[in-house]
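First up is the structure itself, then whatever we jot down about it.
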There are 2 protein chains.
Amino acid sequence: MTAGETVLEEINCSPIGFVRSPFTRATGTPIQPIGGSDVEATVEILEEYAPGLSDLEGFSHIVLLYHFHHCMTTSLKVKPFLDDVERGVFATRAPVRPNHIGMSVVRLDRIEGGTLHIRDVDIIDGTPVLDIKPHIPRIDCPGKARVGWLEGKEPLVGELRDDGHFLG
Amino acid sequence: MTAGETVLEEINCSPIGFVRSPFTRATGTPIQPIGGSDVEATVEILEEYAPGLSDLEGFSHIVLLYHFHHCMTTSLKVKPFLDDVERGVFATRAPVRPNHIGMSVVRLDRIEGGTLHIRDVDIIDGTPVLDIKPHIPRIDCPGKARVGWLEGKEPLVGELRDDGHFLG
């Protein structure tokens, strides 16, 4: 398609805070939250945004959207961690995607001031956070889903660690 | 917290495509995908990004990240559709959040070239799409979750329509 009448504007985002986690580089970091089971970390929300956190503590899980700030390249075809075949990047969770936005559902333990104590973390220290949403199973989990090339490989997701092969 | 040693950079995003849906304005649009059950729409991916779509068709559900482009304001406290009490914006899915990024899990029917045919849509026509990820229940659905202020109100999510009250 062409953009037609739609204006192709740039969309500017600013961090609302930063992740503080034990993972200081991509290599060795779990590749998904279930691989980071029980790893504790925090999200430090900038003071100006802290009032937006009220009522969030009632949710046991939250969705973090963040910037893959260690990733400098974009590839439309990638070899995912769980496969030897090249896949379209939108059929994977690889960081080398356009816009470099990552998403993780993590467990929320508690909130102290502007600090979220979270678990099950697969996110590198210093990662800029763009948004926090409550995880709502009725909305986010439509039930039985086909998982394409991941069929039968899903159980392995928790076993793997980042080998740094997406670092550009 | 203060940003400390972390550089507060702007993060620039560009649309990878646009939603074409029957909803031309916020008012009347379902407030979540389950309210848009069986509503058909498309995502038209820009030609340059289409190679990234390969292997996506095997997934029955996808996560769309998009820009709430009709929303011009940010509020840290909002009255959600399902409540009469003001809540922190990060404890809601309201569009008036910092960075105005929306997230919907939708059903993927099929892909033709750069066009994704999707269902269960709650997204306004012309919405710029920032990312597409495969929905992977093992990663995205951690099981039983507490839903805070939404407890007992979740079943109503599908009934409601946008009344335009977040339009700034």
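How things are named: the first chain in the structure tokens is A, the next is B, and so on; residues count from 1 in each chain; ligands count from 1 in the order shown.
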Residue list (strand (DSSP E), DSSP) for region 112-150 of chain B, as an MDAnalysis selection string: chainID B and resid 112 115:119 128:134
Interface list for chain B, partner chain A, 6 Å threshold, only C-alpha atoms, as JSON, numbers by chain: {"B": [1, 10, 11, 12, 13, 14, 46, 47, 52, 53, 54, 55, 56, 58, 59, 60, 76, 88, 89, 90, 91, 99, 105, 132, 133, 134, 140, 145, 146, 147, 148]}
All alpha helix (DSSP H) residues (DSSP, backbone) inside region 11-162 of chain A, as a VMD selection string: chain A and resid 137 to 140
